[in-house]
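Asks: Before I ask anything, let me first share the structure, which is written out below as structure tokens.
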Amino acid sequence: MTGVLLIENRGAVRILTMNRPDKRNALNTELTRALLDGLRAADADETVACVLLTGAGQGFCAGADLSEFKDLVPEKRHLVDERAELTMQLHLSFSKMAKPVLTAINGAAMGGGAGLAIAGDLAVMAEGAKLGYPETRHGIVAAIVMANLVRQVGRKTAFELVALGEPVDSAAALRSGLVNRVAKDALAEAMLLAQKLAEVKPQALQATKLLFHEVADLPLEEALKRGRETNKRMRGFGK
């Protein structure tokens with residue numbers, strides 16, 4: 001597929017590549033919608049075991065395409081509402097998918113791009129890449145991406161990232177738990193992880209992911225109860 005999102009299958013791994021390299025893969029409405037549709041389609045495809053998300057060119061994703069902001073004004077409230085809803089659904093979709101998503105952060109990931117970079121279940125970052133939330137420097141707020149960030153790192157680290165807007169390098173991202181691994185070739189390293197995940201029995205892997213995201217924000221007793229129900233269903237996994 002050509003256009004703003006490239007789709008490629010390598011065995012049971014589906015690679016989604018944001019393809020606006022001249023705009024550093026900035027998220028306009030077209031790309032945002034294509035990503036949401038692409039993730040949902042991969043989740044529904046029985047031939048796909050896991051998904052790998054990366055960016056074309058030198059950058060992963062520069063965040064929201066600011067050139068579209070001129071149309072998102074209070075006088076056009078329906079456009080503002082539609083874009084906010086679309087963005088929210090995109091970031092929510094990662095945790096709602098049954099299949100794991102890996103991100104190969106091949107270059108700069110800023111703002112909404114940083115949000116996508118850490119939204120995956122596993123993240124590999126290139127050695128020279130940067131990740132940050134510079135929204136306050138533009139007089140705006142890292143609003144939708146903040147919810148996921150706070151859940152992945154401690155409050156102090158998250159607040160520093162969104163308040164100061166200073167990017168972090170790959171070593172700092174690894175120390176803070178924003179990414180799993182750092183590599184010279186993020187895509188190649190992420191593919192190795194994806195291929196390992198593709199070898200896991202799909203029913204067990206998908207149940208693991210869904211339970212993981214379900215219990216992450218539950219009180220202990222309720223989380224244990226959800227785990228108990230999955231434990232009961234595990235008896236049929238090998239059939």
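Here, A, B, ... name the chains of the structure tokens in the order displayed, residue numbers run from 1 inside each chain, and ligands are numbered from 1 in the same displayed order.
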Quick one: residues within 12 Å of Asp43 (chain A), only C-alpha atoms counted, chain neighbours fewer than 4 positions away excluded, as an mmCIF file with N, CA, C and O atoms, in the first residue's frame?

Replies:
data_model
loop_
_atom_site.group_PDB
_atom_site.id
_atom_site.type_symbol
_atom_site.label_atom_id
_atom_site.label_comp_id
_atom_site.auth_asym_id
_atom_site.auth_seq_id
_atom_site.Cartn_x
_atom_site.Cartn_y
_atom_site.Cartn_z
ATOM 1 N N ALA A 12 4.429 -13.543 10.056
ATOM 2 C CA ALA A 12 3.261 -13.210 10.863
ATOM 3 C C ALA A 12 3.357 -11.821 11.493
ATOM 4 O O ALA A 12 2.514 -11.443 12.308
ATOM 5 N N VAL A 13 4.392 -11.061 11.116
ATOM 6 C CA VAL A 13 4.576 -9.708 11.649
ATOM 7 C C VAL A 13 4.073 -8.686 10.631
ATOM 8 O O VAL A 13 4.506 -8.708 9.469
ATOM 9 N N ARG A 14 3.187 -7.821 11.039
ATOM 10 C CA ARG A 14 2.728 -6.745 10.158
ATOM 11 C C ARG A 14 3.456 -5.457 10.527
ATOM 12 O O ARG A 14 3.412 -5.023 11.682
ATOM 13 N N LEU A 36 -5.122 4.313 12.836
ATOM 14 C CA LEU A 36 -6.186 3.666 13.603
ATOM 15 C C LEU A 36 -6.782 2.510 12.812
ATOM 16 O O LEU A 36 -6.963 1.406 13.332
ATOM 17 N N ASP A 37 -7.073 2.749 11.547
ATOM 18 C CA ASP A 37 -7.631 1.693 10.694
ATOM 19 C C ASP A 37 -6.630 0.549 10.523
ATOM 20 O O ASP A 37 -7.009 -0.634 10.530
ATOM 21 N N GLY A 38 -5.356 0.894 10.362
ATOM 22 C CA GLY A 38 -4.329 -0.121 10.163
ATOM 23 C C GLY A 38 -4.138 -1.009 11.374
ATOM 24 O O GLY A 38 -3.956 -2.227 11.245
ATOM 25 N N LEU A 39 -4.168 -0.416 12.567
ATOM 26 C CA LEU A 39 -4.039 -1.198 13.792
ATOM 27 C C LEU A 39 -5.242 -2.119 13.985
ATOM 28 O O LEU A 39 -5.094 -3.299 14.329
ATOM 29 N N THR A 47 -3.960 -13.937 10.267
ATOM 30 C CA THR A 47 -2.617 -14.283 9.815
ATOM 31 C C THR A 47 -1.546 -13.435 10.492
ATOM 32 O O THR A 47 -0.355 -13.708 10.341
ATOM 33 N N VAL A 48 -1.960 -12.421 11.220
ATOM 34 C CA VAL A 48 -1.028 -11.508 11.888
ATOM 35 C C VAL A 48 -0.897 -11.881 13.365
ATOM 36 O O VAL A 48 -1.896 -12.006 14.076
ATOM 37 N N ALA A 49 0.347 -12.069 13.816
ATOM 38 C CA ALA A 49 0.594 -12.399 15.218
ATOM 39 C C ALA A 49 0.913 -11.162 16.044
ATOM 40 O O ALA A 49 0.546 -11.076 17.217
ATOM 41 N N CYS A 50 1.614 -10.212 15.454
ATOM 42 C CA CYS A 50 1.946 -8.983 16.162
ATOM 43 C C CYS A 50 2.200 -7.876 15.144
ATOM 44 O O CYS A 50 2.335 -8.121 13.945
ATOM 45 N N VAL A 51 2.257 -6.650 15.645
ATOM 46 C CA VAL A 51 2.370 -5.466 14.791
ATOM 47 C C VAL A 51 3.619 -4.696 15.180
ATOM 48 O O VAL A 51 3.952 -4.577 16.367
ATOM 49 N N LEU A 52 4.305 -4.166 14.179
ATOM 50 C CA LEU A 52 5.482 -3.326 14.415
ATOM 51 C C LEU A 52 5.235 -1.969 13.757
ATOM 52 O O LEU A 52 4.941 -1.890 12.570
ATOM 53 N N SER A 93 -6.288 2.567 21.217
ATOM 54 C CA SER A 93 -6.364 1.308 20.472
ATOM 55 C C SER A 93 -5.225 0.348 20.809
ATOM 56 O O SER A 93 -5.407 -0.875 20.759
ATOM 57 N N PHE A 94 -4.062 0.859 21.166
ATOM 58 C CA PHE A 94 -2.922 -0.005 21.462
ATOM 59 C C PHE A 94 -3.231 -0.982 22.594
ATOM 60 O O PHE A 94 -2.911 -2.164 22.510
ATOM 61 N N SER A 95 -3.835 -0.469 23.658
ATOM 62 C CA SER A 95 -4.135 -1.327 24.807
ATOM 63 C C SER A 95 -5.373 -2.175 24.603
ATOM 64 O O SER A 95 -5.561 -3.192 25.273
ATOM 65 N N LYS A 96 -6.231 -1.790 23.666
ATOM 66 C CA LYS A 96 -7.455 -2.543 23.404
ATOM 67 C C LYS A 96 -7.227 -3.696 22.435
ATOM 68 O O LYS A 96 -8.035 -4.616 22.363
ATOM 69 N N MET A 97 -6.149 -3.635 21.677
ATOM 70 C CA MET A 97 -5.837 -4.718 20.739
ATOM 71 C C MET A 97 -5.433 -5.977 21.483
ATOM 72 O O MET A 97 -4.751 -5.915 22.507
ATOM 73 N N ALA A 98 -5.839 -7.126 20.954
ATOM 74 C CA ALA A 98 -5.432 -8.386 21.557
ATOM 75 C C ALA A 98 -3.989 -8.729 21.190
ATOM 76 O O ALA A 98 -3.298 -9.407 21.943
ATOM 77 N N LYS A 99 -3.536 -8.254 20.047
ATOM 78 C CA LYS A 99 -2.199 -8.594 19.570
ATOM 79 C C LYS A 99 -1.178 -7.551 20.027
ATOM 80 O O LYS A 99 -1.486 -6.361 20.071
ATOM 81 N N PRO A 100 0.020 -7.993 20.377
ATOM 82 C CA PRO A 100 1.040 -7.046 20.846
ATOM 83 C C PRO A 100 1.518 -6.117 19.742
ATOM 84 O O PRO A 100 1.553 -6.489 18.571
ATOM 85 N N VAL A 101 1.871 -4.909 20.143
ATOM 86 C CA VAL A 101 2.401 -3.908 19.221
ATOM 87 C C VAL A 101 3.792 -3.505 19.692
ATOM 88 O O VAL A 101 3.992 -3.200 20.872
ATOM 89 N N PRO A 202 -0.710 -18.058 19.962
ATOM 90 C CA PRO A 202 -1.488 -16.814 19.907
ATOM 91 C C PRO A 202 -2.535 -16.677 20.999
ATOM 92 O O PRO A 202 -2.744 -15.582 21.518
ATOM 93 N N GLN A 206 -2.305 -13.470 23.401
ATOM 94 C CA GLN A 206 -3.372 -12.479 23.384
ATOM 95 C C GLN A 206 -4.061 -12.374 24.744
ATOM 96 O O GLN A 206 -4.384 -11.277 25.204
#

Asks: Need to verify the contact set: Arg226 (chain A), 10 Å, only C-alpha atoms, exclusion of same-chain residues closer than 5 positions in sequence. Can you return it as a list of chain:residue names?

Replies: A:Leu211, A:Glu214, A:Val215, A:Leu218, A:Leu220, A:Glu221, A:Asn231

Asks: Can you work out the spacing between CA of Met88 (chain A) and CA of Glu135 (chain A) in Å, to one decimal?

Replies: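 Straight-line distance from CA of Met88 (chain A) to CA of Glu135 (chain A) works out to 16.6 Å.
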
Asks: Ranking A:Glu85, A:Glu127, A:Glu222, A:Glu8 by minimum distance to Thr32 (chain A) and counting only C-alpha atoms, which one comes first?

Replies: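 Counting only C-alpha atoms, the residue closest to Thr32 (chain A) is A:Glu85.
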
Asks: Skipping near chain neighbours, those fewer than 5 positions away, what residues fall within 10 Å of Asn106 (chain A) using only C-alpha atoms, listed as a PDB file with N, CA and C atoms, in the first residue's frame?

Replies:
ATOM      1  N   THR A  54       6.698   1.867  12.866  1.00  0.00           N
ATOM      2  CA  THR A  54       7.898   2.677  12.732  1.00  0.00           C
ATOM      3  C   THR A  54       7.622   3.847  11.795  1.00  0.00           C
ATOM      4  N   GLY A  55       8.663   4.624  11.509  1.00  0.00           N
ATOM      5  CA  GLY A  55       8.497   5.790  10.653  1.00  0.00           C
ATOM      6  C   GLY A  55       9.436   5.748   9.463  1.00  0.00           C
ATOM      7  N   ALA A  56       9.012   6.333   8.363  1.00  0.00           N
ATOM      8  CA  ALA A  56       9.852   6.408   7.170  1.00  0.00           C
ATOM      9  C   ALA A  56      10.848   7.562   7.309  1.00  0.00           C
ATOM     10  N   GLY A  57      11.996   7.426   6.675  1.00  0.00           N
ATOM     11  CA  GLY A  57      12.976   8.508   6.706  1.00  0.00           C
ATOM     12  C   GLY A  57      13.770   8.539   7.998  1.00  0.00           C
ATOM     13  N   GLN A  58      14.194   9.729   8.377  1.00  0.00           N
ATOM     14  CA  GLN A  58      15.085   9.904   9.519  1.00  0.00           C
ATOM     15  C   GLN A  58      14.368  10.009  10.855  1.00  0.00           C
ATOM     16  N   GLY A  59      13.061  10.259  10.840  1.00  0.00           N
ATOM     17  CA  GLY A  59      12.342  10.456  12.091  1.00  0.00           C
ATOM     18  C   GLY A  59      11.243   9.441  12.293  1.00  0.00           C
ATOM     19  N   PHE A  60      10.886   9.241  13.551  1.00  0.00           N
ATOM     20  CA  PHE A  60       9.758   8.361  13.869  1.00  0.00           C
ATOM     21  C   PHE A  60       8.453   9.112  13.645  1.00  0.00           C
ATOM     22  N   CYS A  61       8.239  10.177  14.417  1.00  0.00           N
ATOM     23  CA  CYS A  61       7.026  10.982  14.245  1.00  0.00           C
ATOM     24  C   CYS A  61       7.192  12.299  14.998  1.00  0.00           C
ATOM     25  N   ALA A 117       5.156   6.370  20.327  1.00  0.00           N
ATOM     26  CA  ALA A 117       6.370   5.587  20.536  1.00  0.00           C
ATOM     27  C   ALA A 117       6.287   4.725  21.784  1.00  0.00           C
ATOM     28  N   VAL A 124      11.628  -0.250  21.030  1.00  0.00           N
ATOM     29  CA  VAL A 124      13.069  -0.255  20.779  1.00  0.00           C
ATOM     30  C   VAL A 124      13.436   1.105  20.197  1.00  0.00           C
ATOM     31  N   MET A 125      14.456   1.730  20.742  1.00  0.00           N
ATOM     32  CA  MET A 125      14.833   3.085  20.350  1.00  0.00           C
ATOM     33  C   MET A 125      16.233   3.098  19.751  1.00  0.00           C
ATOM     34  N   ALA A 126      16.393   3.787  18.654  1.00  0.00           N
ATOM     35  CA  ALA A 126      17.711   3.926  18.029  1.00  0.00           C
ATOM     36  C   ALA A 126      18.631   4.746  18.928  1.00  0.00           C
ATOM     37  N   GLU A 127      19.913   4.458  18.879  1.00  0.00           N
ATOM     38  CA  GLU A 127      20.883   5.110  19.759  1.00  0.00           C
ATOM     39  C   GLU A 127      20.861   6.628  19.633  1.00  0.00           C
ATOM     40  N   GLY A 128      20.686   7.139  18.426  1.00  0.00           N
ATOM     41  CA  GLY A 128      20.740   8.585  18.232  1.00  0.00           C
ATOM     42  C   GLY A 128      19.399   9.283  18.284  1.00  0.00           C
ATOM     43  N   ALA A 129      18.347   8.565  18.620  1.00  0.00           N
ATOM     44  CA  ALA A 129      17.000   9.145  18.611  1.00  0.00           C
ATOM     45  C   ALA A 129      16.738   9.994  19.857  1.00  0.00           C
ATOM     46  N   LYS A 130      15.757  10.875  19.737  1.00  0.00           N
ATOM     47  CA  LYS A 130      15.316  11.713  20.851  1.00  0.00           C
ATOM     48  C   LYS A 130      13.815  11.526  21.034  1.00  0.00           C
ATOM     49  N   ALA A 183      19.182   0.242  20.391  1.00  0.00           N
ATOM     50  CA  ALA A 183      19.981  -0.472  19.393  1.00  0.00           C
ATOM     51  C   ALA A 183      20.426   0.482  18.297  1.00  0.00           C
ATOM     52  N   LYS A 184      21.489   0.118  17.608  1.00  0.00           N
ATOM     53  CA  LYS A 184      21.925   0.921  16.458  1.00  0.00           C
ATOM     54  C   LYS A 184      20.842   0.923  15.383  1.00  0.00           C
ATOM     55  N   ASP A 185      20.269  -0.246  15.149  1.00  0.00           N
ATOM     56  CA  ASP A 185      19.214  -0.398  14.151  1.00  0.00           C
ATOM     57  C   ASP A 185      17.934  -0.783  14.885  1.00  0.00           C
ATOM     58  N   ALA A 186      17.098   0.196  15.179  1.00  0.00           N
ATOM     59  CA  ALA A 186      15.895  -0.049  15.977  1.00  0.00           C
ATOM     60  C   ALA A 186      14.936  -0.993  15.276  1.00  0.00           C
ATOM     61  N   LEU A 187      14.800  -0.856  13.958  1.00  0.00           N
ATOM     62  CA  LEU A 187      13.866  -1.705  13.230  1.00  0.00           C
ATOM     63  C   LEU A 187      14.311  -3.163  13.253  1.00  0.00           C
TER      64      LEU A 187
END

Asks: What is the distance, in Å and to one decimal place, between CA of Ala119 (chain A) and CA of Gly177 (chain A)?

Replies: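 These two atoms are separated by 12.4 Å.
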
Asks: Give the helix (DSSP H, G or I) residues of region 22-149 of chain A, as DSSP finds them on the backbone, and put them as a tab-separated table (two decimals) with N, CA, C and O atoms, in the first residue's frame.

Replies:
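New file result_18.tsv:
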chain	number	residue	atom	x	y	z
A	22	ASP	N	8.85	13.82	4.47
A	22	ASP	CA	9.12	15.23	4.25
A	22	ASP	C	8.54	16.10	5.36
A	22	ASP	O	8.95	17.24	5.56
A	23	LYS	N	7.58	15.55	6.13
A	23	LYS	CA	6.97	16.25	7.27
A	23	LYS	C	7.38	15.59	8.58
A	23	LYS	O	6.74	15.80	9.61
A	29	THR	N	-4.72	14.54	9.91
A	29	THR	CA	-5.93	13.73	10.08
A	29	THR	C	-5.85	12.46	9.24
A	29	THR	O	-6.24	11.37	9.70
A	30	GLU	N	-5.33	12.57	8.02
A	30	GLU	CA	-5.26	11.41	7.13
A	30	GLU	C	-4.40	10.31	7.72
A	30	GLU	O	-4.79	9.13	7.74
A	31	LEU	N	-3.22	10.66	8.22
A	31	LEU	CA	-2.33	9.66	8.79
A	31	LEU	C	-2.89	9.10	10.09
A	31	LEU	O	-2.80	7.89	10.35
A	32	THR	N	-3.47	9.95	10.92
A	32	THR	CA	-4.04	9.49	12.18
A	32	THR	C	-5.14	8.46	11.93
A	32	THR	O	-5.18	7.40	12.57
A	33	ARG	N	-6.01	8.75	10.98
A	33	ARG	CA	-7.08	7.80	10.65
A	33	ARG	C	-6.52	6.52	10.04
A	33	ARG	O	-6.98	5.41	10.34
A	34	ALA	N	-5.51	6.66	9.17
A	34	ALA	CA	-4.91	5.47	8.55
A	34	ALA	C	-4.25	4.57	9.60
A	34	ALA	O	-4.33	3.34	9.52
A	35	LEU	N	-3.62	5.17	10.59
A	35	LEU	CA	-3.01	4.39	11.67
A	35	LEU	C	-4.06	3.64	12.47
A	35	LEU	O	-3.90	2.45	12.77
A	36	LEU	N	-5.12	4.31	12.84
A	36	LEU	CA	-6.19	3.67	13.60
A	36	LEU	C	-6.78	2.51	12.81
A	36	LEU	O	-6.96	1.41	13.33
A	37	ASP	N	-7.07	2.75	11.55
A	37	ASP	CA	-7.63	1.69	10.69
A	37	ASP	C	-6.63	0.55	10.52
A	37	ASP	O	-7.01	-0.63	10.53
A	38	GLY	N	-5.36	0.89	10.36
A	38	GLY	CA	-4.33	-0.12	10.16
A	38	GLY	C	-4.14	-1.01	11.37
A	38	GLY	O	-3.96	-2.23	11.25
A	39	LEU	N	-4.17	-0.42	12.57
A	39	LEU	CA	-4.04	-1.20	13.79
A	39	LEU	C	-5.24	-2.12	13.98
A	39	LEU	O	-5.09	-3.30	14.33
A	40	ARG	N	-6.42	-1.60	13.75
A	40	ARG	CA	-7.63	-2.41	13.91
A	40	ARG	C	-7.67	-3.54	12.89
A	40	ARG	O	-8.08	-4.67	13.22
A	41	ALA	N	-7.26	-3.26	11.67
A	41	ALA	CA	-7.25	-4.30	10.64
A	41	ALA	C	-6.26	-5.41	10.98
A	41	ALA	O	-6.55	-6.59	10.79
A	42	ALA	N	-5.10	-5.04	11.49
A	42	ALA	CA	-4.10	-6.03	11.89
A	42	ALA	C	-4.61	-6.89	13.03
A	42	ALA	O	-4.38	-8.11	13.06
A	43	ASP	N	-5.31	-6.28	13.97
A	43	ASP	CA	-5.84	-7.03	15.10
A	43	ASP	C	-6.89	-8.04	14.66
A	43	ASP	O	-7.04	-9.10	15.26
A	44	ALA	N	-7.63	-7.71	13.60
A	44	ALA	CA	-8.69	-8.58	13.12
A	44	ALA	C	-8.20	-9.65	12.15
A	44	ALA	O	-8.94	-10.58	11.83
A	66	LEU	N	1.08	20.74	12.81
A	66	LEU	CA	0.60	22.05	13.25
A	66	LEU	C	-0.04	22.85	12.13
A	66	LEU	O	-0.81	23.78	12.39
A	67	SER	N	0.24	22.49	10.88
A	67	SER	CA	-0.36	23.23	9.77
A	67	SER	C	-1.87	23.03	9.72
A	67	SER	O	-2.59	23.83	9.12
A	68	GLU	N	-2.37	21.96	10.35
A	68	GLU	CA	-3.82	21.73	10.38
A	68	GLU	C	-4.51	22.53	11.48
A	68	GLU	O	-5.72	22.65	11.48
A	69	PHE	N	-3.73	23.06	12.42
A	69	PHE	CA	-4.33	23.73	13.56
A	69	PHE	C	-5.15	24.95	13.18
A	69	PHE	O	-6.06	25.35	13.90
A	70	LYS	N	-4.79	25.55	12.06
A	70	LYS	CA	-5.52	26.77	11.67
A	70	LYS	C	-6.99	26.48	11.41
A	70	LYS	O	-7.85	27.38	11.50
A	71	ASP	N	-7.31	25.24	11.07
A	71	ASP	CA	-8.70	24.86	10.83
A	71	ASP	C	-9.40	24.39	12.10
A	71	ASP	O	-10.63	24.28	12.13
A	74	PRO	N	-12.39	27.36	17.55
A	74	PRO	CA	-13.69	27.23	18.21
A	74	PRO	C	-14.87	27.43	17.27
A	74	PRO	O	-15.94	26.83	17.46
A	75	GLU	N	-14.70	28.26	16.25
A	75	GLU	CA	-15.80	28.50	15.32
A	75	GLU	C	-16.13	27.24	14.50
A	75	GLU	O	-17.22	27.13	13.94
A	76	LYS	N	-15.20	26.31	14.44
A	76	LYS	CA	-15.44	25.04	13.75
A	76	LYS	C	-15.37	23.91	14.78
A	76	LYS	O	-14.57	22.99	14.68
A	77	ARG	N	-16.23	24.01	15.76
A	77	ARG	CA	-16.19	23.12	16.91
A	77	ARG	C	-16.26	21.65	16.51
A	77	ARG	O	-15.62	20.79	17.12
A	78	HIS	N	-17.02	21.34	15.49
A	78	HIS	CA	-17.17	19.94	15.10
A	78	HIS	C	-15.83	19.36	14.62
A	78	HIS	O	-15.54	18.18	14.86
A	79	LEU	N	-15.00	20.19	13.96
A	79	LEU	CA	-13.69	19.72	13.53
A	79	LEU	C	-12.76	19.48	14.72
A	79	LEU	O	-12.01	18.51	14.74
A	80	VAL	N	-12.84	20.38	15.69
A	80	VAL	CA	-12.04	20.23	16.91
A	80	VAL	C	-12.42	18.94	17.62
A	80	VAL	O	-11.57	18.15	18.03
A	81	ASP	N	-13.73	18.72	17.77
A	81	ASP	CA	-14.22	17.53	18.47
A	81	ASP	C	-13.84	16.25	17.73
A	81	ASP	O	-13.41	15.26	18.35
A	82	GLU	N	-13.99	16.26	16.41
A	82	GLU	CA	-13.69	15.07	15.62
A	82	GLU	C	-12.21	14.70	15.69
A	82	GLU	O	-11.85	13.53	15.82
A	83	ARG	N	-11.34	15.71	15.60
A	83	ARG	CA	-9.91	15.42	15.63
A	83	ARG	C	-9.47	14.94	17.01
A	83	ARG	O	-8.67	14.00	17.14
A	84	ALA	N	-10.00	15.56	18.07
A	84	ALA	CA	-9.66	15.13	19.42
A	84	ALA	C	-10.12	13.69	19.67
A	84	ALA	O	-9.40	12.88	20.27
A	85	GLU	N	-11.31	13.35	19.20
A	85	GLU	CA	-11.83	12.00	19.36
A	85	GLU	C	-10.98	10.99	18.58
A	85	GLU	O	-10.66	9.91	19.08
A	86	LEU	N	-10.61	11.35	17.36
A	86	LEU	CA	-9.79	10.47	16.54
A	86	LEU	C	-8.44	10.21	17.20
A	86	LEU	O	-7.97	9.06	17.25
A	87	THR	N	-7.82	11.25	17.71
A	87	THR	CA	-6.53	11.11	18.38
A	87	THR	C	-6.64	10.25	19.63
A	87	THR	O	-5.80	9.37	19.88
A	88	MET	N	-7.69	10.47	20.40
A	88	MET	CA	-7.90	9.67	21.61
A	88	MET	C	-8.09	8.20	21.27
A	88	MET	O	-7.50	7.32	21.91
A	89	GLN	N	-8.90	7.92	20.26
A	89	GLN	CA	-9.15	6.53	19.87
A	89	GLN	C	-7.87	5.85	19.38
A	89	GLN	O	-7.65	4.66	19.63
A	90	LEU	N	-7.02	6.60	18.68
A	90	LEU	CA	-5.75	6.02	18.22
A	90	LEU	C	-4.89	5.59	19.40
A	90	LEU	O	-4.39	4.46	19.43
A	91	HIS	N	-4.73	6.46	20.37
A	91	HIS	CA	-3.87	6.11	21.51
A	91	HIS	C	-4.50	5.04	22.39
A	91	HIS	O	-3.78	4.24	23.01
A	92	LEU	N	-5.80	4.97	22.42
A	92	LEU	CA	-6.49	3.94	23.20
A	92	LEU	C	-6.38	2.58	22.54
A	92	LEU	O	-6.35	1.54	23.21
A	93	SER	N	-6.29	2.57	21.22
A	93	SER	CA	-6.36	1.31	20.47
A	93	SER	C	-5.23	0.35	20.81
A	93	SER	O	-5.41	-0.87	20.76
A	94	PHE	N	-4.06	0.86	21.17
A	94	PHE	CA	-2.92	-0.01	21.46
A	94	PHE	C	-3.23	-0.98	22.59
A	94	PHE	O	-2.91	-2.16	22.51
A	95	SER	N	-3.84	-0.47	23.66
A	95	SER	CA	-4.14	-1.33	24.81
A	95	SER	C	-5.37	-2.18	24.60
A	95	SER	O	-5.56	-3.19	25.27
A	96	LYS	N	-6.23	-1.79	23.67
A	96	LYS	CA	-7.45	-2.54	23.40
A	96	LYS	C	-7.23	-3.70	22.43
A	96	LYS	O	-8.03	-4.62	22.36
A	112	GLY	N	2.85	14.10	20.15
A	112	GLY	CA	2.01	12.95	19.84
A	112	GLY	C	2.80	11.79	19.29
A	112	GLY	O	2.42	10.63	19.46
A	113	GLY	N	3.94	12.09	18.66
A	113	GLY	CA	4.83	11.03	18.18
A	113	GLY	C	5.48	10.27	19.32
A	113	GLY	O	5.65	9.06	19.27
A	114	ALA	N	5.85	11.00	20.38
A	114	ALA	CA	6.37	10.34	21.58
A	114	ALA	C	5.29	9.48	22.22
A	114	ALA	O	5.56	8.39	22.73
A	115	GLY	N	4.05	10.00	22.18
A	115	GLY	CA	2.94	9.23	22.71
A	115	GLY	C	2.77	7.91	21.98
A	115	GLY	O	2.55	6.86	22.61
A	116	LEU	N	2.89	7.93	20.65
A	116	LEU	CA	2.80	6.70	19.87
A	116	LEU	C	3.98	5.79	20.17
A	116	LEU	O	3.84	4.56	20.24
A	117	ALA	N	5.16	6.37	20.33
A	117	ALA	CA	6.37	5.59	20.54
A	117	ALA	C	6.29	4.72	21.78
A	117	ALA	O	6.77	3.59	21.80
A	118	ILE	N	5.68	5.25	22.84
A	118	ILE	CA	5.60	4.48	24.09
A	118	ILE	C	4.26	3.78	24.27
A	118	ILE	O	4.07	3.06	25.24
A	119	ALA	N	3.34	3.96	23.33
A	119	ALA	CA	2.03	3.33	23.45
A	119	ALA	C	2.08	1.84	23.16
A	119	ALA	O	1.20	1.09	23.59
A	135	GLU	N	5.17	20.34	23.96
A	135	GLU	CA	3.94	21.11	23.77
A	135	GLU	C	3.91	22.43	24.53
A	135	GLU	O	3.46	23.46	23.99
A	136	THR	N	4.37	22.45	25.77
A	136	THR	CA	4.31	23.70	26.54
A	136	THR	C	5.13	24.81	25.88
A	136	THR	O	4.81	25.99	26.01
A	137	ARG	N	6.15	24.44	25.15
A	137	ARG	CA	6.97	25.44	24.46
A	137	ARG	C	6.23	26.07	23.29
A	137	ARG	O	6.65	27.10	22.77
A	138	HIS	N	5.16	25.42	22.87
A	138	HIS	CA	4.31	25.98	21.80
A	138	HIS	C	3.02	26.57	22.39
A	138	HIS	O	2.10	26.91	21.64
A	143	ALA	N	-1.86	16.79	26.09
A	143	ALA	CA	-3.09	16.40	26.78
A	143	ALA	C	-3.41	14.91	26.68
A	143	ALA	O	-3.42	14.20	27.68
A	144	ILE	N	-3.66	14.43	25.48
A	144	ILE	CA	-4.09	13.04	25.33
A	144	ILE	C	-2.96	12.07	25.64
A	144	ILE	O	-3.18	11.02	26.26
A	145	VAL	N	-1.74	12.42	25.26
A	145	VAL	CA	-0.62	11.51	25.49
A	145	VAL	C	-0.20	11.44	26.95
A	145	VAL	O	0.52	10.53	27.35
A	146	MET	N	-0.66	12.37	27.77
A	146	MET	CA	-0.24	12.41	29.16
A	146	MET	C	-0.72	11.20	29.95
A	146	MET	O	-0.02	10.68	30.82
A	147	ALA	N	-1.93	10.73	29.66
A	147	ALA	CA	-2.50	9.62	30.42
A	147	ALA	C	-1.63	8.38	30.35
A	147	ALA	O	-1.37	7.71	31.35
A	148	ASN	N	-1.15	8.06	29.16
A	148	ASN	CA	-0.32	6.88	28.99
A	148	ASN	C	1.07	7.09	29.59
A	148	ASN	O	1.63	6.19	30.22
A	149	LEU	N	1.60	8.29	29.44
A	149	LEU	CA	2.93	8.59	29.99
A	149	LEU	C	2.96	8.41	31.50
A	149	LEU	O	3.87	7.78	32.05

Asks: So, counting only C-alpha atoms, which residue among A:Val168, A:Ala204, A:Leu102, A:Ala26 is closest to Asp65 (chain A)?

Replies: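 Between A:Val168, A:Ala204, A:Leu102, A:Ala26, the residue approaching Asp65 (chain A) most closely is A:Ala26.
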
Asks: How far is it from CA of Thr230 (chain A) to CA of His213 (chain A), in Å with one decimal?

Replies: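 Between CA of Thr230 (chain A) and CA of His213 (chain A) the gap is 13.1 Å.
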
Asks: Check the DSSP output for the backbone and give back, as a ChimeraX atom specification, the residues of chain A in strand (DSSP E).

Replies: /A:5-10,13-18,50-55,101-105,109-110,122-126,130-132,168-169,181-183
